[in-house]
$ cat run02.txt   # compact mmCIF, C-alpha atoms and all ligand atoms
# COMPACT_ATOMS: atom_id res chain seq x y z
CA MET F 25 -15.99 26.93 -67.23
CA ARG F 26 -18.86 24.50 -66.75
CA LYS F 27 -17.66 21.22 -65.33
CA ARG F 28 -17.80 18.33 -67.71
CA ILE F 29 -20.91 16.22 -67.17
CA ASN F 30 -20.15 13.42 -69.58
CA LYS F 31 -21.28 9.94 -68.70
CA ILE F 32 -19.33 7.42 -70.75
CA HIS F 33 -20.75 3.95 -71.41
CA VAL F 34 -18.47 1.49 -73.19
CA TYR F 35 -19.88 -1.50 -75.09
CA ASP F 36 -18.33 -4.42 -76.96
CA ASP F 37 -19.49 -3.29 -80.40
CA LEU F 38 -21.88 -1.13 -82.45
CA GLN F 39 -24.73 -3.58 -81.97
CA SER F 40 -24.59 -3.52 -78.18
CA LEU F 41 -24.08 0.24 -77.97
CA SER F 42 -27.08 0.68 -80.26
CA GLU F 43 -29.22 -1.63 -78.11
CA ALA F 44 -28.29 0.38 -75.00
CA ALA F 45 -29.09 3.64 -76.77
CA ALA F 46 -32.43 2.23 -77.95
CA GLU F 47 -33.32 1.26 -74.38
CA GLN F 48 -32.52 4.77 -73.14
CA PHE F 49 -34.30 6.38 -76.10
CA VAL F 50 -37.63 4.74 -75.22
CA ARG F 51 -37.08 5.24 -71.48
CA ILE F 52 -36.60 8.98 -71.91
CA GLY F 53 -39.46 9.11 -74.43
CA ASN F 54 -41.89 7.57 -71.95
CA GLN F 55 -40.61 9.85 -69.17
CA VAL F 56 -41.23 12.91 -71.34
CA LEU F 57 -44.68 11.70 -72.45
CA GLN F 58 -45.72 11.40 -68.82
CA GLU F 59 -45.15 15.15 -68.47
CA ARG F 60 -45.87 16.52 -71.98
CA ASP F 61 -47.83 15.45 -75.03
CA ARG F 62 -44.85 15.37 -77.35
CA PHE F 63 -41.30 13.93 -77.42
CA ALA F 64 -39.05 16.14 -79.55
CA VAL F 65 -35.96 14.42 -80.95
CA ALA F 66 -33.19 15.80 -83.17
CA LEU F 67 -31.60 13.01 -85.22
CA SER F 68 -27.93 12.86 -86.13
CA GLY F 69 -26.51 12.07 -89.52
CA GLY F 70 -23.67 9.91 -90.71
CA SER F 71 -23.69 6.13 -90.55
CA THR F 72 -23.36 5.27 -86.84
CA PRO F 73 -26.99 5.89 -85.81
CA LYS F 74 -28.43 3.64 -88.55
CA ARG F 75 -28.29 0.52 -86.36
CA LEU F 76 -30.08 2.35 -83.54
CA PHE F 77 -32.76 3.55 -85.98
CA GLN F 78 -33.33 0.02 -87.30
CA LEU F 79 -33.58 -1.38 -83.75
CA LEU F 80 -36.25 1.18 -82.82
CA THR F 81 -38.49 -0.02 -85.66
CA LYS F 82 -38.61 -3.60 -84.34
CA PRO F 83 -39.77 -5.29 -81.13
CA PRO F 84 -39.19 -4.79 -78.28
CA TYR F 85 -38.45 -1.07 -78.77
CA ARG F 86 -41.11 -0.41 -81.41
CA ASP F 87 -43.80 -1.51 -78.97
CA LYS F 88 -42.43 0.46 -76.01
CA LEU F 89 -43.21 4.01 -77.17
CA ASP F 90 -46.21 5.85 -78.65
CA TRP F 91 -44.48 6.92 -81.88
CA SER F 92 -47.45 9.08 -82.88
CA LYS F 93 -46.33 11.53 -80.18
CA VAL F 94 -42.72 11.78 -81.32
CA VAL F 95 -41.61 14.71 -83.49
CA PHE F 96 -38.42 14.43 -85.51
CA LEU F 97 -35.91 17.12 -86.46
CA TRP F 98 -32.30 16.98 -87.63
CA GLY F 99 -29.24 18.47 -85.99
CA ASP F 100 -27.59 18.97 -89.35
CA GLU F 101 -27.78 18.20 -93.07
CA ARG F 102 -25.64 18.11 -96.13
CA PRO F 103 -26.47 20.42 -99.11
CA VAL F 104 -28.19 17.69 -101.11
CA PRO F 105 -31.77 16.75 -102.07
CA PRO F 106 -33.74 14.45 -99.75
CA ASP F 107 -33.32 11.45 -102.07
CA HIS F 108 -29.53 11.84 -102.35
CA PRO F 109 -27.37 8.97 -100.95
CA ASP F 110 -25.57 11.51 -98.69
CA SER F 111 -28.79 12.92 -97.22
CA ASN F 112 -29.17 12.47 -93.47
CA TYR F 113 -32.91 12.77 -94.00
CA ARG F 114 -32.93 9.90 -96.51
CA MET F 115 -31.02 7.57 -94.18
CA ALA F 116 -33.42 8.31 -91.31
CA CYS F 117 -36.46 7.90 -93.56
CA GLU F 118 -35.37 4.50 -94.80
CA ALA F 119 -34.11 3.17 -91.45
CA LEU F 120 -36.60 4.74 -89.03
CA LEU F 121 -39.42 7.01 -90.19
CA GLU F 122 -40.98 4.97 -93.00
CA PRO F 123 -40.86 1.64 -91.12
CA LEU F 124 -42.56 3.34 -88.13
CA GLY F 125 -45.19 5.00 -90.31
CA ILE F 126 -44.26 8.47 -89.05
CA LYS F 127 -46.56 11.13 -90.56
CA SER F 128 -45.17 14.18 -92.38
CA GLU F 129 -46.72 16.49 -89.78
CA GLN F 130 -44.42 14.88 -87.18
CA ILE F 131 -41.30 15.83 -89.16
CA CYS F 132 -39.30 18.97 -89.90
CA ARG F 133 -36.85 18.29 -92.72
CA ILE F 134 -33.95 20.64 -93.43
CA PRO F 135 -34.64 21.77 -97.05
CA ALA F 136 -30.92 21.64 -97.83
CA GLU F 137 -31.48 21.27 -101.56
CA LEU F 138 -32.51 24.93 -101.85
CA GLU F 139 -29.98 27.10 -103.66
CA ASN F 140 -30.11 30.00 -101.20
CA PRO F 141 -28.73 29.19 -97.72
CA GLU F 142 -30.92 31.94 -96.21
CA SER F 143 -34.03 30.14 -97.50
CA VAL F 144 -32.84 26.84 -96.00
CA THR F 145 -32.30 28.29 -92.53
CA GLN F 146 -35.45 30.43 -92.54
CA GLU F 147 -37.70 27.60 -93.73
CA TYR F 148 -36.30 25.13 -91.21
CA GLN F 149 -36.46 27.59 -88.31
CA ALA F 150 -40.07 28.40 -89.22
CA CYS F 151 -41.02 24.71 -89.40
CA VAL F 152 -39.41 23.90 -86.06
CA GLU F 153 -40.87 26.93 -84.30
CA LYS F 154 -44.31 25.98 -85.67
CA LEU F 155 -43.87 22.37 -84.57
CA LEU F 156 -42.37 23.07 -81.13
CA GLY F 157 -43.44 26.64 -80.49
CA LYS F 158 -41.16 29.22 -78.99
CA ASP F 159 -40.68 28.94 -75.25
CA SER F 160 -41.68 31.78 -72.90
CA SER F 161 -38.33 33.52 -73.34
CA GLY F 162 -38.87 33.46 -77.12
CA GLU F 163 -35.66 31.53 -77.29
CA THR F 164 -34.71 28.52 -79.37
CA PRO F 165 -36.83 25.43 -78.91
CA ILE F 166 -35.82 23.08 -76.13
CA LEU F 167 -35.39 19.55 -77.42
CA ASP F 168 -36.02 16.53 -75.26
CA LEU F 169 -33.31 14.46 -76.91
CA VAL F 170 -30.51 15.23 -79.34
CA LEU F 171 -28.59 12.40 -81.01
CA LEU F 172 -25.05 13.30 -82.05
CA GLY F 173 -22.17 11.54 -83.75
CA MET F 174 -18.52 12.54 -83.75
CA GLY F 175 -16.08 12.62 -86.61
CA ASN F 176 -12.45 11.52 -86.31
CA ASP F 177 -11.55 15.21 -86.27
CA GLY F 178 -13.72 15.85 -83.21
CA HIS F 179 -16.56 17.55 -85.11
CA THR F 180 -20.18 16.97 -84.19
CA ALA F 181 -23.33 17.76 -86.13
CA SER F 182 -21.82 20.02 -88.81
CA LEU F 183 -19.75 21.96 -86.31
CA PHE F 184 -16.37 21.38 -87.91
CA PRO F 185 -13.04 22.63 -86.50
CA ALA F 186 -12.32 26.35 -87.04
CA THR F 187 -15.65 27.07 -88.76
CA SER F 188 -17.84 30.11 -88.13
CA ALA F 189 -20.77 28.18 -86.63
CA LEU F 190 -18.65 27.38 -83.56
CA LEU F 191 -18.81 31.05 -82.55
CA GLU F 192 -22.49 31.70 -83.37
CA THR F 193 -24.38 32.98 -80.35
CA LYS F 194 -27.55 34.48 -81.86
CA GLN F 195 -28.99 31.96 -84.32
CA TRP F 196 -29.86 28.42 -83.27
CA PHE F 197 -29.56 27.08 -86.83
CA VAL F 198 -27.09 28.30 -89.48
CA SER F 199 -25.37 27.53 -92.75
CA ASN F 200 -21.70 26.75 -92.18
CA VAL F 201 -18.94 26.91 -94.79
CA VAL F 202 -16.65 23.90 -94.34
CA VAL F 203 -13.56 24.68 -96.41
CA LYS F 204 -11.92 21.29 -95.93
CA LEU F 205 -15.00 19.58 -97.38
CA GLU F 206 -15.39 22.29 -100.04
CA THR F 207 -19.06 22.61 -99.11
CA THR F 208 -21.63 24.50 -97.06
CA ARG F 209 -23.38 22.43 -94.40
CA TYR F 210 -26.45 23.28 -92.28
CA THR F 211 -26.27 22.81 -88.52
CA MET F 212 -27.78 23.52 -85.16
CA THR F 213 -25.42 25.75 -83.21
CA PRO F 214 -23.85 24.98 -79.82
CA MET F 215 -26.42 27.23 -78.09
CA ALA F 216 -29.28 25.18 -79.53
CA LEU F 217 -27.70 21.83 -78.80
CA ASN F 218 -26.83 22.90 -75.26
CA ARG F 219 -30.47 23.69 -74.51
CA ALA F 220 -31.36 20.01 -74.96
CA ARG F 221 -32.59 18.10 -71.92
CA ASN F 222 -30.74 14.95 -73.01
CA ILE F 223 -27.88 14.40 -75.43
CA PHE F 224 -26.64 11.05 -76.71
CA PHE F 225 -23.31 10.76 -78.52
CA LEU F 226 -22.96 7.51 -80.48
CA VAL F 227 -19.32 6.80 -81.37
CA SER F 228 -18.00 3.56 -82.86
CA GLY F 229 -14.72 2.42 -84.40
CA SER F 230 -10.99 2.65 -83.75
CA ASP F 231 -10.65 5.58 -86.18
CA LYS F 232 -12.47 7.71 -83.58
CA SER F 233 -10.26 6.68 -80.62
CA LEU F 234 -7.73 9.54 -80.77
CA ALA F 235 -10.42 12.20 -81.18
CA LEU F 236 -12.53 10.67 -78.40
CA HIS F 237 -9.59 10.76 -76.00
CA ALA F 238 -8.82 14.38 -77.00
CA VAL F 239 -12.45 15.49 -76.64
CA LEU F 240 -13.11 13.78 -73.31
CA GLU F 241 -9.73 13.80 -71.61
CA GLY F 242 -7.57 16.35 -73.40
CA PRO F 243 -7.27 20.08 -72.77
CA ILE F 244 -10.28 22.18 -73.75
CA ASP F 245 -9.72 23.44 -77.29
CA THR F 246 -13.17 23.86 -78.83
CA GLN F 247 -11.92 25.33 -82.09
CA LYS F 248 -9.92 22.15 -82.63
CA TYR F 249 -12.42 19.72 -81.03
CA PRO F 250 -15.93 21.17 -81.47
CA ALA F 251 -17.57 18.23 -79.68
CA GLN F 252 -16.18 19.84 -76.49
CA LEU F 253 -18.67 22.66 -77.03
CA ILE F 254 -21.50 20.28 -76.09
CA ARG F 255 -21.96 21.08 -72.40
CA PRO F 256 -25.69 21.58 -71.75
CA ALA F 257 -26.48 23.87 -68.85
CA ASN F 258 -29.39 21.77 -67.62
CA GLY F 259 -29.01 18.55 -69.54
CA SER F 260 -27.18 15.27 -69.43
CA VAL F 261 -24.64 14.02 -71.95
CA ASN F 262 -24.42 10.26 -72.37
CA TRP F 263 -21.70 8.82 -74.58
CA PHE F 264 -22.50 5.41 -76.05
CA VAL F 265 -19.16 4.19 -77.38
CA ASP F 266 -17.72 0.84 -78.39
CA GLN F 267 -14.44 -0.49 -77.03
CA ASP F 268 -12.58 0.29 -80.27
CA ALA F 269 -13.47 3.96 -80.02
CA ALA F 270 -12.76 3.92 -76.27
CA SER F 271 -9.35 2.23 -76.63
CA LYS F 272 -7.41 5.43 -75.86
CA LEU F 273 -9.51 6.53 -72.87
CA THR F 274 -7.86 6.33 -69.47
CA ALA F 275 -11.00 6.65 -67.33
CA GLN F 276 -14.33 5.04 -68.18
CA SER F 277 -17.33 5.73 -65.98
C1 LIG G 1 -23.02 14.33 -90.64
C2 LIG G 1 -23.14 14.19 -89.16
C3 LIG G 1 -21.82 14.13 -88.50
C4 LIG G 1 -21.62 12.67 -88.14
C5 LIG G 1 -20.18 12.38 -87.88
C6 LIG G 1 -19.95 10.88 -87.63
O1 LIG G 1 -23.93 14.88 -91.24
O2 LIG G 1 -22.01 13.82 -91.15
O3 LIG G 1 -24.09 14.73 -88.56
O4 LIG G 1 -21.67 14.92 -87.38
O5 LIG G 1 -22.42 12.36 -86.99
O6 LIG G 1 -19.44 12.79 -89.01
O7 LIG G 1 -20.32 10.21 -88.81
P1 LIG G 1 -20.30 8.60 -88.87
O8 LIG G 1 -21.37 8.13 -87.92
O9 LIG G 1 -20.62 8.26 -90.30
O10 LIG G 1 -18.92 8.17 -88.43
$ encode --input "run02.txt" --output "structure tokens"
Amino acid sequence: MRKRINKIHVYDDLQSLSEAAAEQFVRIGNQVLQERDRFAVALSGGSTPKRLFQLLTKPPYRDKLDWSKVVFLWGDERPVPPDHPDSNYRMACEALLEPLGIKSEQICRIPAELENPESVTQEYQACVEKLLGKDSSGETPILDLVLLGMGNDGHTASLFPATSALLETKQWFVSNVVVKLETTRYTMTPMALNRARNIFFLVSGSDKSLALHAVLEGPIDTQKYPAQLIRPANGSVNWFVDQDAASKLTAQS
């Protein structure tokens, strides 16, 4: 079992955790752009990252990175059109991509509005492989940074407890039936997420405190707490959490 390599950073509130994440986002981006001509980021959904996105579109962060060299993907999406209030793409567009003037050729959107799940996964995989290329082993693309949230049930991306995507070892992006939500979601799989060079979890709010303690300090039970599956072989995992979410943690690094 790989040892846990989580670095946990606790902040007073969502604003300060978002500022810290923004600082690290541009630091890593500049580090990557010193070595390669592109910074590949997978965005998370939900509501927590919105503050981070808004911060990145304003000084000082906006002026600290060459945004024309950043390419944007999503770790997961709901089965809705891009203009739907629940769309992860829509939230990121409004809070981040449009204000930064990001061009469509820098983006791979998950076409989750398509009726046929096969078409969604094939189209997205094709877009990402075109944008990032396949690496020498022909494997899934290696992302420079993956942003993740965590639900109060310990899910991350759309890797929900006891769903089939948790066990997927061949595909890096799949449709995933989530019975408890009575829906099919689309998500990167653990193998894809664990190939990332850097992973940020952003977790805020007391409603996440029990799950955060279970994920970080409880016994390993990845079917019950899928966020425990995120253990990159050659990457770092930084948790940006606020004190409400961290209130049940015993050790904080
Ligand atoms: C989604 C997300 C999901 C999210 C968590 C936390 O599409 O819902 O990708 O994994 O990050 O559910 O959501 P909040 O930030 O809204 O609490």
$ closest_atom_pairs --input "run02.txt" --of "chain F" --to "ligand LIG 1 (chain G)" --cutoff "9 Å" --atoms "all atoms listed in the file" --output "tab-separated table"
residue	atom	partner	partner_atom	distance
F:Leu67	CA	G:LIG1	O3	8.4
F:Ser68	CA	G:LIG1	O3	4.9
F:Gly69	CA	G:LIG1	O3	3.7
F:Gly70	CA	G:LIG1	O9	3.5
F:Ser71	CA	G:LIG1	O9	3.7
F:Thr72	CA	G:LIG1	O8	3.6
F:Pro73	CA	G:LIG1	O8	6.4
F:Lys74	CA	G:LIG1	O8	8.4
F:Trp98	CA	G:LIG1	O3	8.6
F:Gly99	CA	G:LIG1	O3	6.9
F:Asp100	CA	G:LIG1	O3	5.6
F:Glu101	CA	G:LIG1	O1	5.4
F:Arg102	CA	G:LIG1	O1	6.1
F:Asp110	CA	G:LIG1	O1	8.3
F:Ser111	CA	G:LIG1	O1	8.0
F:Asn112	CA	G:LIG1	O1	6.2
F:Leu171	CA	G:LIG1	O5	8.6
F:Leu172	CA	G:LIG1	O5	5.7
F:Gly173	CA	G:LIG1	O5	3.4
F:Met174	CA	G:LIG1	C5	4.5
F:Gly175	CA	G:LIG1	O6	4.1
F:Asn176	CA	G:LIG1	O10	7.6
F:Asp177	CA	G:LIG1	O6	8.7
F:Gly178	CA	G:LIG1	C5	8.7
F:His179	CA	G:LIG1	O4	6.2
F:Thr180	CA	G:LIG1	O4	4.1
F:Ala181	CA	G:LIG1	O4	3.5
F:Ser182	CA	G:LIG1	O4	5.3
F:Leu183	CA	G:LIG1	O4	7.4
F:Phe184	CA	G:LIG1	O4	8.4
F:Arg209	CA	G:LIG1	O1	8.2
F:Tyr210	CA	G:LIG1	O1	8.8
F:Thr211	CA	G:LIG1	O3	8.4
F:Phe225	CA	G:LIG1	O5	8.7
F:Leu226	CA	G:LIG1	O8	7.6
F:Val227	CA	G:LIG1	O8	7.0
F:Ser228	CA	G:LIG1	O10	7.3
F:Gly229	CA	G:LIG1	O10	8.2
F:Asp231	CA	G:LIG1	O10	9.0
F:Lys232	CA	G:LIG1	O10	8.1
$ residues_around --input "run02.txt" --residues "Ala119 of chain F" --least-positions-apart "5" --cutoff "8 Å" --atoms "all atoms listed in the file" --output "PyMOL selection string"
chain F and resi 74+77-78+81
$ atom_distance --input "run02.txt" --atom1 "atom CA of Met212 of chain F" --atom2 "atom CA of Met115 of chain F"
18.6 Å
$ atom_distance --input "run02.txt" --atom1 "atom CA of Pro256 of chain F" --atom2 "atom CA of Leu240 of chain F"
14.9 Å
$ residues_around --input "run02.txt" --residues "Ala270 of chain F" --least-positions-apart "6" --cutoff "12 Å" --atoms "only C-alpha atoms" --output "PDB file with C-alpha atoms, keeping the file's coordinate frame"
ATOM      1  CA  ILE F  32     -19.330   7.420 -70.750  1.00  0.00           C
ATOM      2  CA  HIS F  33     -20.750   3.950 -71.410  1.00  0.00           C
ATOM      3  CA  VAL F  34     -18.470   1.490 -73.190  1.00  0.00           C
ATOM      4  CA  TYR F  35     -19.880  -1.500 -75.090  1.00  0.00           C
ATOM      5  CA  ASP F  36     -18.330  -4.420 -76.960  1.00  0.00           C
ATOM      6  CA  ASP F  37     -19.490  -3.290 -80.400  1.00  0.00           C
ATOM      7  CA  LEU F 226     -22.960   7.510 -80.480  1.00  0.00           C
ATOM      8  CA  VAL F 227     -19.320   6.800 -81.370  1.00  0.00           C
ATOM      9  CA  SER F 228     -18.000   3.560 -82.860  1.00  0.00           C
ATOM     10  CA  GLY F 229     -14.720   2.420 -84.400  1.00  0.00           C
ATOM     11  CA  SER F 230     -10.990   2.650 -83.750  1.00  0.00           C
ATOM     12  CA  ASP F 231     -10.650   5.580 -86.180  1.00  0.00           C
ATOM     13  CA  LYS F 232     -12.470   7.710 -83.580  1.00  0.00           C
ATOM     14  CA  SER F 233     -10.260   6.680 -80.620  1.00  0.00           C
ATOM     15  CA  LEU F 234      -7.730   9.540 -80.770  1.00  0.00           C
ATOM     16  CA  ALA F 235     -10.420  12.200 -81.180  1.00  0.00           C
ATOM     17  CA  LEU F 236     -12.530  10.670 -78.400  1.00  0.00           C
ATOM     18  CA  HIS F 237      -9.590  10.760 -76.000  1.00  0.00           C
ATOM     19  CA  ALA F 238      -8.820  14.380 -77.000  1.00  0.00           C
ATOM     20  CA  VAL F 239     -12.450  15.490 -76.640  1.00  0.00           C
ATOM     21  CA  LEU F 240     -13.110  13.780 -73.310  1.00  0.00           C
ATOM     22  CA  GLU F 241      -9.730  13.800 -71.610  1.00  0.00           C
ATOM     23  CA  TRP F 263     -21.700   8.820 -74.580  1.00  0.00           C
ATOM     24  CA  PHE F 264     -22.500   5.410 -76.050  1.00  0.00           C
ATOM     25  CA  GLN F 276     -14.330   5.040 -68.180  1.00  0.00           C
ATOM     26  CA  SER F 277     -17.330   5.730 -65.980  1.00  0.00           C
TER      27      SER F 277
END
$ closest_residue --input "run02.txt" --among "F:Leu169, F:Val201, F:Ala269, F:Ile244" --to "Leu97 of chain F" --atoms "all atoms listed in the file"
F:Leu169
$ residues_near_point --input "run02.txt" --point "(-32.3, 13.9, -71.9)" --cutoff "6 Å" --atoms "all atoms listed in the file" --output "MDAnalysis selection string"
chainID F and resid 168:169 221:223 260
$ build_atoms --input "run02.txt" --residues "segment 186-209 of chain F" --atoms "N, CA and C atoms" --output "short mmCIF file (atom, residue, chain, number, x, y, z; two decimals), in the coordinates of the input"
data_model
loop_
_atom_site.label_atom_id
_atom_site.label_comp_id
_atom_site.auth_asym_id
_atom_site.auth_seq_id
_atom_site.Cartn_x
_atom_site.Cartn_y
_atom_site.Cartn_z
N ALA F 186 -12.68 25.01 -86.49
CA ALA F 186 -12.32 26.35 -87.04
C ALA F 186 -13.34 26.86 -88.06
N THR F 187 -14.61 26.51 -87.88
CA THR F 187 -15.65 27.07 -88.76
C THR F 187 -16.49 28.08 -87.99
N SER F 188 -17.16 28.96 -88.76
CA SER F 188 -17.84 30.11 -88.13
C SER F 188 -18.98 29.69 -87.19
N ALA F 189 -19.61 28.57 -87.47
CA ALA F 189 -20.77 28.18 -86.63
C ALA F 189 -20.37 27.93 -85.17
N LEU F 190 -19.09 27.67 -84.95
CA LEU F 190 -18.65 27.38 -83.56
C LEU F 190 -18.83 28.62 -82.68
N LEU F 191 -18.79 29.80 -83.33
CA LEU F 191 -18.81 31.05 -82.55
C LEU F 191 -20.18 31.72 -82.57
N GLU F 192 -21.15 31.09 -83.22
CA GLU F 192 -22.49 31.70 -83.37
C GLU F 192 -23.21 31.71 -82.01
N THR F 193 -23.69 32.91 -81.65
CA THR F 193 -24.38 32.98 -80.35
C THR F 193 -25.80 33.54 -80.49
N LYS F 194 -26.20 33.91 -81.71
CA LYS F 194 -27.55 34.48 -81.86
C LYS F 194 -28.52 33.50 -82.51
N GLN F 195 -28.11 32.88 -83.59
CA GLN F 195 -28.99 31.96 -84.32
C GLN F 195 -28.84 30.53 -83.79
N TRP F 196 -29.96 29.82 -83.76
CA TRP F 196 -29.86 28.42 -83.27
C TRP F 196 -29.65 27.42 -84.41
N PHE F 197 -29.76 27.95 -85.67
CA PHE F 197 -29.56 27.08 -86.83
C PHE F 197 -28.96 27.91 -87.95
N VAL F 198 -27.83 27.46 -88.51
CA VAL F 198 -27.09 28.30 -89.48
C VAL F 198 -26.55 27.46 -90.64
N SER F 199 -26.19 28.17 -91.72
CA SER F 199 -25.37 27.53 -92.75
C SER F 199 -23.92 27.71 -92.30
N ASN F 200 -23.07 26.73 -92.68
CA ASN F 200 -21.70 26.75 -92.18
C ASN F 200 -20.74 26.32 -93.28
N VAL F 201 -19.90 27.24 -93.73
CA VAL F 201 -18.94 26.91 -94.79
C VAL F 201 -17.85 26.02 -94.20
N VAL F 202 -17.68 24.85 -94.82
CA VAL F 202 -16.65 23.90 -94.34
C VAL F 202 -15.61 23.78 -95.45
N VAL F 203 -14.56 24.57 -95.33
CA VAL F 203 -13.56 24.68 -96.41
C VAL F 203 -12.95 23.32 -96.73
N LYS F 204 -12.63 22.57 -95.67
CA LYS F 204 -11.92 21.29 -95.93
C LYS F 204 -12.79 20.29 -96.69
N LEU F 205 -14.10 20.46 -96.61
CA LEU F 205 -15.00 19.58 -97.38
C LEU F 205 -15.45 20.25 -98.67
N GLU F 206 -15.00 21.49 -98.86
CA GLU F 206 -15.39 22.29 -100.04
C GLU F 206 -16.92 22.32 -100.18
N THR F 207 -17.60 22.57 -99.06
CA THR F 207 -19.06 22.61 -99.11
C THR F 207 -19.62 23.52 -98.02
N THR F 208 -20.91 23.79 -98.13
CA THR F 208 -21.63 24.50 -97.06
C THR F 208 -22.58 23.49 -96.43
N ARG F 209 -22.50 23.35 -95.11
CA ARG F 209 -23.38 22.43 -94.40
C ARG F 209 -24.42 23.26 -93.65
#
